[in-house]
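The data block below is protein-v5.tsv; it holds TSV, C-alpha atoms and all ligand atoms.
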chain	number	residue	atom	x	y	z
A	1	MET	CA	92.30	132.57	70.95
A	2	ASN	CA	90.00	133.95	73.67
A	3	HIS	CA	89.58	130.66	75.62
A	4	VAL	CA	85.92	131.39	76.45
A	5	LEU	CA	83.95	128.14	76.94
A	6	THR	CA	80.18	128.02	76.51
A	7	THR	CA	77.73	125.35	77.66
A	8	GLY	CA	73.95	125.18	77.56
A	9	ARG	CA	73.54	127.35	80.68
A	10	LEU	CA	77.00	128.75	81.41
A	11	VAL	CA	79.81	130.89	80.04
A	12	LEU	CA	83.36	130.36	81.34
A	13	ARG	CA	85.74	133.33	80.95
A	14	PRO	CA	89.44	133.37	81.84
A	15	ALA	CA	90.05	135.29	85.10
A	16	THR	CA	91.56	138.76	84.78
A	17	VAL	CA	93.02	141.23	87.28
A	18	GLU	CA	89.59	142.86	87.48
A	19	ASP	CA	88.26	139.66	89.08
A	20	GLN	CA	90.58	139.86	92.08
A	21	GLY	CA	88.01	141.38	94.45
A	22	TRP	CA	85.32	138.86	93.54
A	23	LEU	CA	87.76	135.94	93.87
A	24	MET	CA	88.88	137.16	97.29
A	25	GLU	CA	85.28	137.25	98.51
A	26	HIS	CA	84.41	133.90	96.90
A	27	TRP	CA	87.47	131.90	97.93
A	28	THR	CA	87.47	133.18	101.51
A	29	ALA	CA	83.82	132.21	102.18
A	30	PRO	CA	84.07	129.36	104.74
A	31	ASP	CA	81.79	126.95	102.84
A	32	VAL	CA	83.80	127.47	99.67
A	33	ARG	CA	87.36	127.42	100.99
A	34	ARG	CA	86.99	124.44	103.35
A	35	PHE	CA	88.09	121.78	100.89
A	36	LEU	CA	89.66	123.97	98.23
A	37	PHE	CA	92.58	125.30	100.25
A	38	ASP	CA	92.47	122.97	103.28
A	39	GLY	CA	90.60	125.75	105.08
A	40	ASP	CA	93.34	128.33	104.53
A	41	VAL	CA	92.39	131.96	103.90
A	42	LEU	CA	94.23	133.20	100.84
A	43	ALA	CA	96.00	136.54	100.98
A	44	GLU	CA	95.42	139.23	98.33
A	45	ALA	CA	98.92	138.60	96.98
A	46	GLU	CA	98.25	134.88	96.50
A	47	ILE	CA	95.10	135.63	94.53
A	48	ALA	CA	96.96	138.19	92.41
A	49	ARG	CA	99.66	135.60	91.73
A	50	THR	CA	97.04	132.95	90.86
A	51	ILE	CA	95.48	135.30	88.29
A	52	ALA	CA	98.90	136.20	86.83
A	53	ASP	CA	99.89	132.51	86.62
A	54	SER	CA	96.55	131.71	85.00
A	55	SER	CA	97.00	134.43	82.35
A	56	ALA	CA	100.48	133.09	81.56
A	57	ASP	CA	99.16	129.52	81.37
A	58	PHE	CA	96.32	130.53	79.03
A	59	ALA	CA	98.80	132.28	76.74
A	60	ALA	CA	101.30	129.41	76.76
A	61	HIS	CA	99.14	126.30	77.13
A	62	GLY	CA	95.45	127.20	76.66
A	63	TYR	CA	94.29	126.51	80.21
A	64	GLY	CA	94.09	128.24	83.58
A	65	LEU	CA	91.39	129.66	85.84
A	66	TRP	CA	87.96	130.41	84.42
A	67	LEU	CA	85.18	132.37	86.11
A	68	VAL	CA	81.76	130.82	85.62
A	69	TYR	CA	78.71	132.94	84.66
A	70	GLU	CA	75.14	132.03	83.91
A	71	VAL	CA	74.36	132.79	80.27
A	72	GLY	CA	73.33	136.46	80.24
A	73	GLY	CA	74.59	137.00	83.81
A	74	ASP	CA	77.02	139.77	84.61
A	75	SER	CA	78.46	138.57	87.90
A	76	PRO	CA	80.35	135.33	88.39
A	77	ILE	CA	78.78	132.39	90.21
A	78	GLY	CA	81.90	130.27	90.55
A	79	THR	CA	85.23	129.11	89.20
A	80	ALA	CA	86.58	126.16	87.28
A	81	GLY	CA	89.99	125.40	85.93
A	82	LEU	CA	92.95	123.19	85.29
A	83	ARG	CA	96.18	123.15	87.28
A	84	PRO	CA	99.08	120.72	87.64
A	85	LEU	CA	98.68	117.90	90.15
A	86	GLU	CA	102.28	117.27	91.21
A	87	GLU	CA	104.02	115.61	88.26
A	88	LEU	CA	101.01	113.49	87.38
A	89	GLY	CA	99.22	115.74	84.91
A	90	LEU	CA	96.48	118.37	85.10
A	91	GLU	CA	93.62	118.27	87.59
A	92	VAL	CA	90.23	119.87	87.13
A	93	PHE	CA	88.95	122.05	90.01
A	94	TYR	CA	85.71	123.94	90.56
A	95	SER	CA	83.80	125.97	93.12
A	96	LEU	CA	80.40	127.63	93.21
A	97	SER	CA	78.96	130.33	95.41
A	98	PRO	CA	76.49	128.61	97.76
A	99	PRO	CA	73.36	130.15	96.12
A	100	ALA	CA	74.41	128.40	92.88
A	101	TRP	CA	74.70	124.93	94.48
A	102	GLY	CA	72.19	122.24	93.64
A	103	LYS	CA	71.58	123.19	89.99
A	104	GLY	CA	74.11	121.00	88.22
A	105	TYR	CA	76.31	123.99	87.37
A	106	ALA	CA	79.56	122.56	88.79
A	107	THR	CA	79.19	119.36	86.80
A	108	GLU	CA	78.34	121.36	83.67
A	109	ALA	CA	81.33	123.70	84.09
A	110	ALA	CA	83.76	120.89	84.97
A	111	ARG	CA	82.60	118.86	81.98
A	112	ALA	CA	83.28	121.84	79.69
A	113	VAL	CA	86.79	122.20	81.15
A	114	VAL	CA	87.52	118.48	80.78
A	115	ASP	CA	86.14	118.47	77.21
A	116	HIS	CA	88.42	121.42	76.44
A	117	ALA	CA	91.40	119.56	77.88
A	118	LEU	CA	90.74	116.28	76.07
A	119	GLY	CA	89.50	117.90	72.86
A	120	THR	CA	91.07	121.28	72.10
A	121	LEU	CA	94.25	120.69	74.13
A	122	ALA	CA	94.41	116.99	73.16
A	123	LEU	CA	95.57	115.90	76.62
A	124	PRO	CA	95.50	112.13	77.16
A	125	GLU	CA	93.59	112.40	80.46
A	126	VAL	CA	92.47	114.80	83.20
A	127	LEU	CA	92.85	114.13	86.93
A	128	ALA	CA	90.91	115.26	90.00
A	129	GLU	CA	91.78	115.10	93.70
A	130	VAL	CA	88.89	115.21	96.14
A	131	ASP	CA	88.76	115.06	99.95
A	132	GLU	CA	86.72	112.00	100.84
A	133	GLY	CA	84.68	114.18	103.21
A	134	ASN	CA	83.66	116.49	100.36
A	135	ARG	CA	80.57	114.55	99.33
A	136	ALA	CA	79.31	117.21	96.91
A	137	SER	CA	82.60	117.15	95.01
A	138	VAL	CA	82.81	113.33	95.03
A	139	ALA	CA	79.34	113.42	93.41
A	140	VAL	CA	80.60	115.84	90.73
A	141	VAL	CA	83.50	113.59	89.64
A	142	SER	CA	81.20	110.56	89.76
A	143	ARG	CA	78.67	112.32	87.52
A	144	LEU	CA	81.51	113.07	85.11
A	145	GLY	CA	82.32	109.36	84.98
A	146	MET	CA	85.84	109.83	86.34
A	147	GLU	CA	87.45	106.76	87.88
A	148	PRO	CA	89.29	106.57	91.23
A	149	PHE	CA	92.86	105.29	90.99
A	150	GLU	CA	94.63	106.23	94.25
A	151	VAL	CA	94.05	107.47	97.80
A	152	VAL	CA	96.57	109.87	99.36
A	153	GLN	CA	96.66	111.49	102.77
A	154	GLY	CA	95.75	115.19	102.80
A	155	LEU	CA	95.70	117.73	105.62
A	156	LEU	CA	91.97	117.15	106.20
A	157	GLY	CA	92.06	113.36	105.78
A	158	PRO	CA	92.17	110.93	102.88
A	159	MET	CA	91.83	112.32	99.37
A	160	THR	CA	90.88	110.20	96.39
A	161	ARG	CA	92.51	110.83	93.03
A	162	TYR	CA	90.42	110.31	89.92
A	163	ARG	CA	91.18	110.21	86.22
A	164	THR	CA	89.09	110.45	83.11
A	165	GLY	CA	89.02	107.12	81.42
A	166	SER	CA	86.71	105.22	79.19
A	167	GLY	CA	83.98	106.19	81.71
A	168	PHE	CA	84.18	109.93	80.99
A	169	ARG	CA	80.85	110.93	79.54
A	170	THR	CA	79.95	113.91	77.46
A	171	PRO	CA	76.22	114.67	77.46
B	201	LIG	C1	81.71	121.03	94.98
B	201	LIG	C2	80.58	121.96	94.57
B	201	LIG	C3	81.01	122.83	93.39
B	201	LIG	C4	79.39	121.07	94.14
B	201	LIG	O1	78.26	121.87	93.84
B	201	LIG	P1	76.86	121.17	93.54
B	201	LIG	O2	75.88	122.24	93.27
B	201	LIG	O3	76.53	120.18	94.59
B	201	LIG	O4	77.18	120.32	92.23
B	201	LIG	P2	76.47	120.41	90.83
B	201	LIG	O5	76.54	121.79	90.32
B	201	LIG	O6	77.00	119.34	89.97
B	201	LIG	O7	74.93	120.16	91.18
B	201	LIG	C5	74.47	118.87	91.49
B	201	LIG	C6	73.15	118.97	92.20
B	201	LIG	O8	72.25	119.78	91.43
B	201	LIG	C7	71.03	119.05	91.19
B	201	LIG	N1	70.43	119.59	89.96
B	201	LIG	C8	69.37	120.43	89.96
B	201	LIG	N2	69.07	120.79	88.69
B	201	LIG	C9	69.97	120.15	87.88
B	201	LIG	C10	70.15	120.13	86.49
B	201	LIG	N3	69.39	120.83	85.64
B	201	LIG	N4	71.18	119.38	85.99
B	201	LIG	C11	71.98	118.67	86.80
B	201	LIG	N5	71.82	118.65	88.16
B	201	LIG	C12	70.82	119.40	88.69
B	201	LIG	C13	71.48	117.61	91.19
B	201	LIG	O9	70.41	116.73	91.41
B	201	LIG	C14	72.45	117.62	92.35
B	201	LIG	O10	71.72	117.69	93.57
B	201	LIG	P3	72.06	116.73	94.81
B	201	LIG	O11	73.40	117.18	95.32
B	201	LIG	O12	70.97	117.02	95.77
B	201	LIG	O13	72.10	115.34	94.28
B	201	LIG	C15	80.12	122.88	95.74
B	201	LIG	O14	79.75	122.10	96.82
B	201	LIG	C16	81.24	123.85	96.16
B	201	LIG	O15	81.44	124.89	95.55
B	201	LIG	N6	81.98	123.49	97.22
B	201	LIG	C17	83.10	124.31	97.71
B	201	LIG	C18	84.31	124.23	96.77
B	201	LIG	C19	84.82	122.82	96.63
B	201	LIG	O16	84.83	122.05	97.59
B	201	LIG	N7	85.24	122.46	95.40
B	201	LIG	C20	85.74	121.14	95.08
B	201	LIG	C21	87.15	120.96	95.47
B	201	LIG	S1	87.72	119.34	94.93
What does the file become when written as structure tokens?
Amino acid sequence: MNHVLTTGRLVLRPATVEDQGWLMEHWTAPDVRRFLFDGDVLAEAEIARTIADSSADFAAHGYGLWLVYEVGGDSPIGTAGLRPLEELGLEVFYSLSPPAWGKGYATEAARAVVDHALGTLALPEVLAEVDEGNRASVAVVSRLGMEPFEVVQGLLGPMTRYRTGSGFRTP
């Protein structure tokens, strides 16, 4: 199985070692990393390990880290993926390069990932954890119809946890 996901405007491809340079540039951009890694700058080795873990997870479980492309585009515009949220289940995450903000791409990519999780992988639910100060990301989970169920304290302040429920909408 190649794990490529396609939407109306986007193609999501599992990250490979060749994507390390692009991921480094993307995830270290201040506007992108602020809420993703609590402002931390990832080291090359952490990105290499993330890609290796993702490849192992795709092979074993059918999920991991996807790079997001516009249909017909040859350079990535963002990322989306699934990763464990403590012992609670899998959370969806996403990021876009700033020029790709404001087009609905994050919602479209995240919806494809959640559909994959609930459909192909037959998971009972998908979670998300969003810093309350990250208004753009709160809007994404709201557009997906995810429901808040808990607030926890993060390094940057309160974070709300969401789950897909009866409110999760496919287009
Ligand atoms: C979170 C993040 C991905 C959100 O990006 P975004 O572009 O705001 O979100 P979407 O792709 O869903 O786009 C929604 C916007 O596109 C607009 N839009 C334009 N054309 C659209 C279309 N055809 N379809 C849907 N929405 C469209 C919407 O109206 C909305 O605009 P608004 O914010 O002014 O209301 C982005 O801010 C980011 O990468 N942040 C850094 C990483 C991060 O924090 N990730 C989340 C960690 S939990």
With a distance cut-off of 10 Å and all atoms listed in the file, select the neighbouring residues of A:Val113, excluding the residue or stretch itself and same-chain residues fewer than 5 positions from it, and output the selection as a ChimeraX atom specification. /A:5-6,12,63-66,80-82,92-94,107-108,118-119,126
What does the distance between atom CA of A:Leu155 and atom CA of A:Val140 come to in Å, to one decimal place?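 Spanning atom CA of A:Leu155 to atom CA of A:Val140 is a straight-line distance of 21.3 Å.
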Do you know which residues are at most 10 Å from A:Ala29 counting all atoms listed in the file, after dropping those on the same chain fewer than 4 positions away, and could you put them as a list in words?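 Those residues are Leu23, Met24, Glu25, Arg33, Arg34, Gly39, Val41, Ser97 and Pro98 of chain A.
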Can I get the residues close to ligand LIG 201 (chain B) as a PyMOL selection string, where close means within 8 Å and we count only C-alpha atoms and all ligand atoms? chain A and resi 31-36+78+93-98+100-108+128-131+134-140+143
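Nearest to A:Ala110 of all the residues A:Leu88, A:Leu10, A:Ala122, A:Ile47 is A:Leu10, based on only C-alpha atoms.
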Do you know which residues are at most 10 Å from A:Ala59 counting all atoms listed in the file, after dropping those on the same chain fewer than 6 positions away, and could you put them as number ranges by chain? A: 1-3, 53
Choose the residue, out of A:Gly165, A:Pro84, A:Pro30, A:Gly62, that has the smallest atom-to-atom separation from A:Pro14; count all atoms listed in the file.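 Of A:Gly165, A:Pro84, A:Pro30, A:Gly62, the one nearest A:Pro14, counting all atoms listed in the file, is A:Gly62.
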Would you please work out which residue, of A:Ser142, A:Glu132, A:Ser54, A:Arg83, is nearest to A:Ala117 when using only C-alpha atoms? A:Arg83
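Atom CA of A:Glu147 is positioned 22.9 Å from atom CA of A:Asp38.
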Could you jot down the atom CA of A:Ala112 to atom CA of A:Thr7 separation for me, Å, one decimal place?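 So the two atoms, atom CA of A:Ala112 and atom CA of A:Thr7, lie 6.9 Å apart.
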Option closest in space to A:Arg13, from A:Pro76, A:Pro99, A:Pro148, A:Gly154 [counting all atoms listed in the file]: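 Closest residue, counting all atoms listed in the file: A:Pro76.
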Option closest in space to A:Glu70, from A:Glu125, A:Val114, A:Val11, A:Gly89 [counting all atoms listed in the file]: A:Val11
Which of A:Thr120, A:Gly8, A:Thr164, A:Ala15 sits closest to A:Asp57 [using all atoms listed in the file]: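 When distances to A:Asp57 are compared using all atoms listed in the file, the smallest one comes from A:Ala15.
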Applying 6 Å and all atoms listed in the file, which residues near A:Leu127 remain after dropping the ones on its own chain fewer than 6 positions away? List them as a PyMOL selection string. chain A and resi 90-91+162-163
